[in-house]
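A.B. asks: Take a look at this one; I'll ask things after.
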Amino acid sequence: MTGVPLFDFGRQYKALKRELDTAFFRVMRSGQFILGPEVEAFEKEFASWTGARFGIGVASGTDALELALRALGIGPGDAVLTVSFTFLATASAIRKVGAKPVFVDVDPRTCTMDLRHLTEVLKRMPAPQAKRIKAILPVHLYGHPCDMPAIGRLARKKGWKIVEDCAQAHGAAWNGKRVGTFGDLGCFSFYPTKNLGGCGDGGMVVTSSPALARRLKILRFQGRPDKERQVLDGLNSRLDELQAALLRVKLTRLNGWLAARRRLASCYTRLLRDLPLTLPAETARARHVYHLYVVQSPMRDLLRKALLRQGIPSAIHYPFPVHRQSFYRENAGPLKLPVTERLARQVLSLPLFPEMKPSELKRVAAAVRAFYRFKPKPL
Ligand SMILES: Cc1ncc(COP(=O)(O)O)c(C=O)c1O
């Protein structure tokens, strides 16, 4: 029995070997590894691909979030609205700048911020606490965009800043406009498994504000506008030349990879539609880019074991909601996030990557069907 990998870096490297090797040796020969021409070019290319004016390359998606909040002046005494159903870096960036995350539940279909629940949270919040909210940090989870026009309207009314967590959503769009360009700042990760992934850590903040772009360049460089002076409390957080050179090659393939992800996701949906599973939804104006294909089942753990017995690994994004982590214990008591709690028990990510073969996808779908004792469906 042959298994199906959850992700296969080897296939991607094989397809791009010549170009990646050329980029690698170009940087090695140049001897310039920090803040050089590759980073500058990649910042321009990636920002323009998203539709933003500026890109600031940083060391990771986690740093992108922290630096974005610092650039907006969010700090101690402030509160930031976000979700608990996310990777913990979203909330830890808020904590790291000294602010407090206020968690909102998610929509059970898209797994992104539920704006009705947000209204409830605001209604119940004592006025002095509500006044401390300075920003909203929505997460385009799994590659499904949040309803950014609605979030934008609310934020304008309340005077909040918007930072988008786009770590899982390169190329996701709402009404054709790409994520990262709705808020004040958009934060991306280039962690290797991401839709655009490097060969190590990396991240970028995109913005169309020249002032914020300037501030971010200072913040990622220890708060220094030049080698002599320090004017802000910054980090040492730069995308390096090697990563930038490799990511420039991969960016030229990104549109094709996203199309492949969408094709594979629609195959899964076609093959699994009649099962007692909740499949990923794509709302009317959204373009989902399927960083992950996530199904929901009350029998998730049994299904996962059954797949593994067939040589099919799967993953759980995420088994513990952020507000259940020990750091947030003080927040956990009165918090009611029933959808978040349920999703943490029921979500399962099936293998999906652009180079996945239709025969592999068929094998995964057949194994899921076998678990439910449904006969395999022809592809
Ligand atoms: C939603 C989300 N936010 C932030 C991050 C942090 O990105 P990085 O791993 O590049 O620090 C990730 C990475 O997994 C993520 O999935």
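Residue numbering restarts at 1 in every chain; chains get A, B, ... in the order shown in the structure tokens, and ligands count up from 1 in that same order.
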Excluding Thr340 (chain A) and any residue of its chain fewer than 6 positions from it, enumerate the residues within 9 Å of it, using only C-alpha atoms, and give them as a list in words.

C.D. replies: Val83, Ser84, Phe85, Asp105, Val106, Asp107, Pro108, Cys111 and Pro321 of chain A

A.B. asks: Pick out the residues no farther than 9 Å from ligand 1, counting only C-alpha atoms and all ligand atoms, and list them as a ChimeraX atom specification.

C.D. replies: /A:59-65,86-91,93,139-142,165-169,187-194,201-203,317

A.B. asks: Give me the residues near Ser359 (chain A) as a PDB file with C-alpha atoms, in the first residue's frame, where near means some atom within 12 Å (using only C-alpha atoms) and where sequence neighbours in that chain fewer than 6 positions away do not count.

C.D. replies:
ATOM      1  CA  THR A   2       1.469   3.370  -1.002  1.00  0.00           C
ATOM      2  CA  GLY A   3       0.842   6.308   1.248  1.00  0.00           C
ATOM      3  CA  VAL A   4       0.036   9.890   0.388  1.00  0.00           C
ATOM      4  CA  LEU A 264      -7.806  19.806  -6.064  1.00  0.00           C
ATOM      5  CA  CYS A 267     -12.219  17.426  -6.588  1.00  0.00           C
ATOM      6  CA  TYR A 268     -12.296  16.655  -2.856  1.00  0.00           C
ATOM      7  CA  ALA A 365     -11.148  10.383  -0.751  1.00  0.00           C
ATOM      8  CA  ALA A 366     -11.649   6.603  -1.063  1.00  0.00           C
ATOM      9  CA  PRO A 378     -15.576   7.530  -9.667  1.00  0.00           C
ATOM     10  CA  LEU A 379     -13.438  10.689 -10.116  1.00  0.00           C
TER      11      LEU A 379
END

A.B. asks: Counting only C-alpha atoms, figure out which residue out of A:Thr181, A:Thr252, A:Thr283, A:Thr269 gets nearest to Asp147 (chain A).

C.D. replies: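 Of all the options, A:Thr283 lies closest to Asp147 (chain A).
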
A.B. asks: May I ask which of the residues A:Val294, A:Leu246, A:Ala259, A:Met356 is the closest one to Leu16 (chain A), counting only C-alpha atoms?

C.D. replies: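 For Leu16 (chain A), the nearest of the candidates is A:Leu246.
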
A.B. asks: In terms of the shortest atom-to-atom distance over only C-alpha atoms, which of A:Arg109, A:Arg215, A:His144, A:Lys362 is closest to Arg262 (chain A)?

C.D. replies: A:His144

A.B. asks: Between A:Thr119, A:Ser349, A:Ser326, A:Thr82, single out the one closest to Val364 (chain A), counting only C-alpha atoms.

C.D. replies: A:Ser349

A.B. asks: Applying 12 Å and only C-alpha atoms, which residues near Phe327 (chain A) remain after dropping the ones on its own chain fewer than 4 positions away? List them as a PyMOL selection string.

C.D. replies: chain A and resi 88+91-92+95-96+100-101+321-323+331-332

A.B. asks: Just how far from CA of Gln32 (chain A) is CA of Asn236 (chain A), in Å to one decimal?

C.D. replies: 17.2 Å

A.B. asks: List the spatial neighbours of Arg309 (chain A) as JSON, numbers by chain - criterion: any atom at most 10 Å away, only C-alpha atoms, same-chain residues fewer than 4 positions off excluded.

C.D. replies: {"A": [3, 303, 304, 305, 313, 367]}

A.B. asks: Would you mind exporting the chosen residues as a short mmCIF file (atom, residue, chain, number, x, y, z; two decimals), in the first residue's frame, restricted to N, CA and C atoms?

C.D. replies:
data_model
loop_
_atom_site.label_atom_id
_atom_site.label_comp_id
_atom_site.auth_asym_id
_atom_site.auth_seq_id
_atom_site.Cartn_x
_atom_site.Cartn_y
_atom_site.Cartn_z
N GLY A 3 1.46 5.22 0.50
CA GLY A 3 0.84 6.31 1.25
C GLY A 3 0.73 7.57 0.42
N LEU A 303 -11.59 9.03 12.52
CA LEU A 303 -11.32 9.18 11.09
C LEU A 303 -9.81 9.34 10.86
N ARG A 304 -9.18 10.16 11.69
CA ARG A 304 -7.75 10.40 11.53
C ARG A 304 -6.95 9.10 11.68
N LYS A 305 -7.35 8.30 12.69
CA LYS A 305 -6.64 7.02 12.90
C LYS A 305 -6.85 6.09 11.72
N PRO A 313 -1.46 10.55 6.21
CA PRO A 313 -1.37 11.44 7.37
C PRO A 313 -2.34 12.62 7.20
N ALA A 367 -10.39 6.51 1.03
CA ALA A 367 -10.17 6.09 2.43
C ALA A 367 -11.19 6.78 3.34
#

A.B. asks: Would you please work out which residue, of A:Phe7, A:Tyr13, A:Phe320, A:Phe33, is nearest to Gln243 (chain A) when using only C-alpha atoms?

C.D. replies: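 Answer, going by the shortest atom-to-atom distance: A:Phe33.
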
A.B. asks: Can you pull out every residue from region 122-303 of chain A that DSSP, working from the backbone, puts in strand (DSSP E or B), and format the result as an NGL selection string?

C.D. replies: :A and (133-136 or 139 or 161-165 or 173-174 or 177-178 or 185-189 or 203-207 or 221 or 236 or 240 or 278 or 286-287 or 293-296)

A.B. asks: Restrict the selected residues to C-alpha atoms and save them as a tab-separated table (two decimals), in the first residue's frame.

C.D. replies:
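For reference, out.tsv as written:
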chain	number	residue	atom	x	y	z
A	133	ILE	CA	-9.88	48.73	21.69
A	134	LYS	CA	-7.45	50.26	19.21
A	135	ALA	CA	-7.34	47.69	16.45
A	136	ILE	CA	-8.90	44.62	14.90
A	139	VAL	CA	-7.31	36.06	10.27
A	161	LYS	CA	-6.79	50.25	12.92
A	162	ILE	CA	-6.86	47.04	10.87
A	163	VAL	CA	-4.05	44.50	10.70
A	164	GLU	CA	-4.80	41.47	8.49
A	165	ASP	CA	-3.26	38.10	9.31
A	173	ALA	CA	-9.56	37.78	-2.42
A	174	TRP	CA	-12.89	39.45	-1.65
A	177	LYS	CA	-9.36	42.43	-4.26
A	178	ARG	CA	-6.53	40.52	-2.64
A	185	LEU	CA	-1.27	46.58	7.13
A	186	GLY	CA	-1.28	42.99	5.81
A	187	CYS	CA	1.01	40.36	7.33
A	188	PHE	CA	2.28	37.33	5.41
A	189	SER	CA	4.33	34.28	6.36
A	203	GLY	CA	7.56	37.09	6.35
A	204	MET	CA	6.39	40.38	4.92
A	205	VAL	CA	4.18	43.31	5.87
A	206	VAL	CA	2.45	45.05	2.98
A	207	THR	CA	0.88	48.50	3.07
A	221	PHE	CA	16.29	47.26	11.81
A	236	ASN	CA	16.23	42.63	14.50
A	240	ASP	CA	17.51	37.55	4.21
A	278	THR	CA	-18.88	19.34	6.91
A	286	ALA	CA	-14.80	35.15	-1.59
A	287	ARG	CA	-11.91	33.52	-3.42
A	293	TYR	CA	-8.60	21.61	2.98
A	294	VAL	CA	-10.32	21.21	6.33
A	295	VAL	CA	-13.28	18.94	6.98
A	296	GLN	CA	-15.31	18.84	10.19

A.B. asks: Run DSSP on the backbone and give me the residues of region 152-203 of chain A it puts in helix (DSSP H, G or I), as an NGL selection string.

C.D. replies: :A and (152-158)

A.B. asks: Have a look at A:Ser208, A:Ser237, A:Arg342, A:His170 and name the one nearest to Trp257 (chain A); count only C-alpha atoms.

C.D. replies: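 Closest candidate: A:His170.
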
A.B. asks: Find the residues around Arg70 (chain A) up to 9 Å (only C-alpha atoms counted), leave out those fewer than 6 positions away in its own chain, and share them as JSON, numbers by chain.

C.D. replies: {"A": [97, 216, 219, 233, 234]}

A.B. asks: In Å, how far is it from CA of Leu361 (chain A) to CA of Lys14 (chain A)?

C.D. replies: 20.5 Å

A.B. asks: Skip Ile74 (chain A) itself and residues of its chain fewer than 5 positions away, then list as a ChimeraX atom specification all residues within 9 Å of it, counting only C-alpha atoms.

C.D. replies: /A:68-69,79-80,94,97-99,134-135

A.B. asks: Now that the selection is made, can you save its residues with N, CA and C atoms as a JSON list (two decimals), in the first residue's frame?

C.D. replies:
[["chain", "number", "residue", "atom", "x", "y", "z"],
["A", 68, "ALA", "N", 3.83, 45.04, 12.82],
["A", 68, "ALA", "CA", 2.67, 45.81, 12.32],
["A", 68, "ALA", "C", 1.98, 46.52, 13.48],
["A", 69, "LEU", "N", 1.80, 45.79, 14.60],
["A", 69, "LEU", "CA", 1.15, 46.41, 15.76],
["A", 69, "LEU", "C", 2.01, 47.53, 16.33],
["A", 79, "ALA", "N", -6.36, 47.30, 23.72],
["A", 79, "ALA", "CA", -6.94, 45.97, 23.45],
["A", 79, "ALA", "C", -7.08, 45.81, 21.94],
["A", 80, "VAL", "N", -6.97, 44.57, 21.48],
["A", 80, "VAL", "CA", -7.07, 44.28, 20.04],
["A", 80, "VAL", "C", -8.05, 43.12, 19.86],
["A", 94, "ILE", "N", 0.00, 40.20, 19.83],
["A", 94, "ILE", "CA", -0.72, 41.24, 20.59],
["A", 94, "ILE", "C", -0.15, 41.34, 22.00],
["A", 97, "VAL", "N", 3.38, 43.07, 22.30],
["A", 97, "VAL", "CA", 3.49, 44.54, 22.32],
["A", 97, "VAL", "C", 2.88, 45.11, 23.60],
["A", 98, "GLY", "N", 2.38, 44.23, 24.48],
["A", 98, "GLY", "CA", 1.86, 44.68, 25.77],
["A", 98, "GLY", "C", 0.37, 44.93, 25.76],
["A", 99, "ALA", "N", -0.30, 44.63, 24.65],
["A", 99, "ALA", "CA", -1.76, 44.86, 24.57],
["A", 99, "ALA", "C", -2.49, 43.56, 24.93],
["A", 134, "LYS", "N", -8.13, 49.37, 20.16],
["A", 134, "LYS", "CA", -7.45, 50.26, 19.21],
["A", 134, "LYS", "C", -7.36, 49.65, 17.82],
["A", 135, "ALA", "N", -7.53, 48.32, 17.75],
["A", 135, "ALA", "CA", -7.34, 47.69, 16.45],
["A", 135, "ALA", "C", -8.11, 46.38, 16.37]]
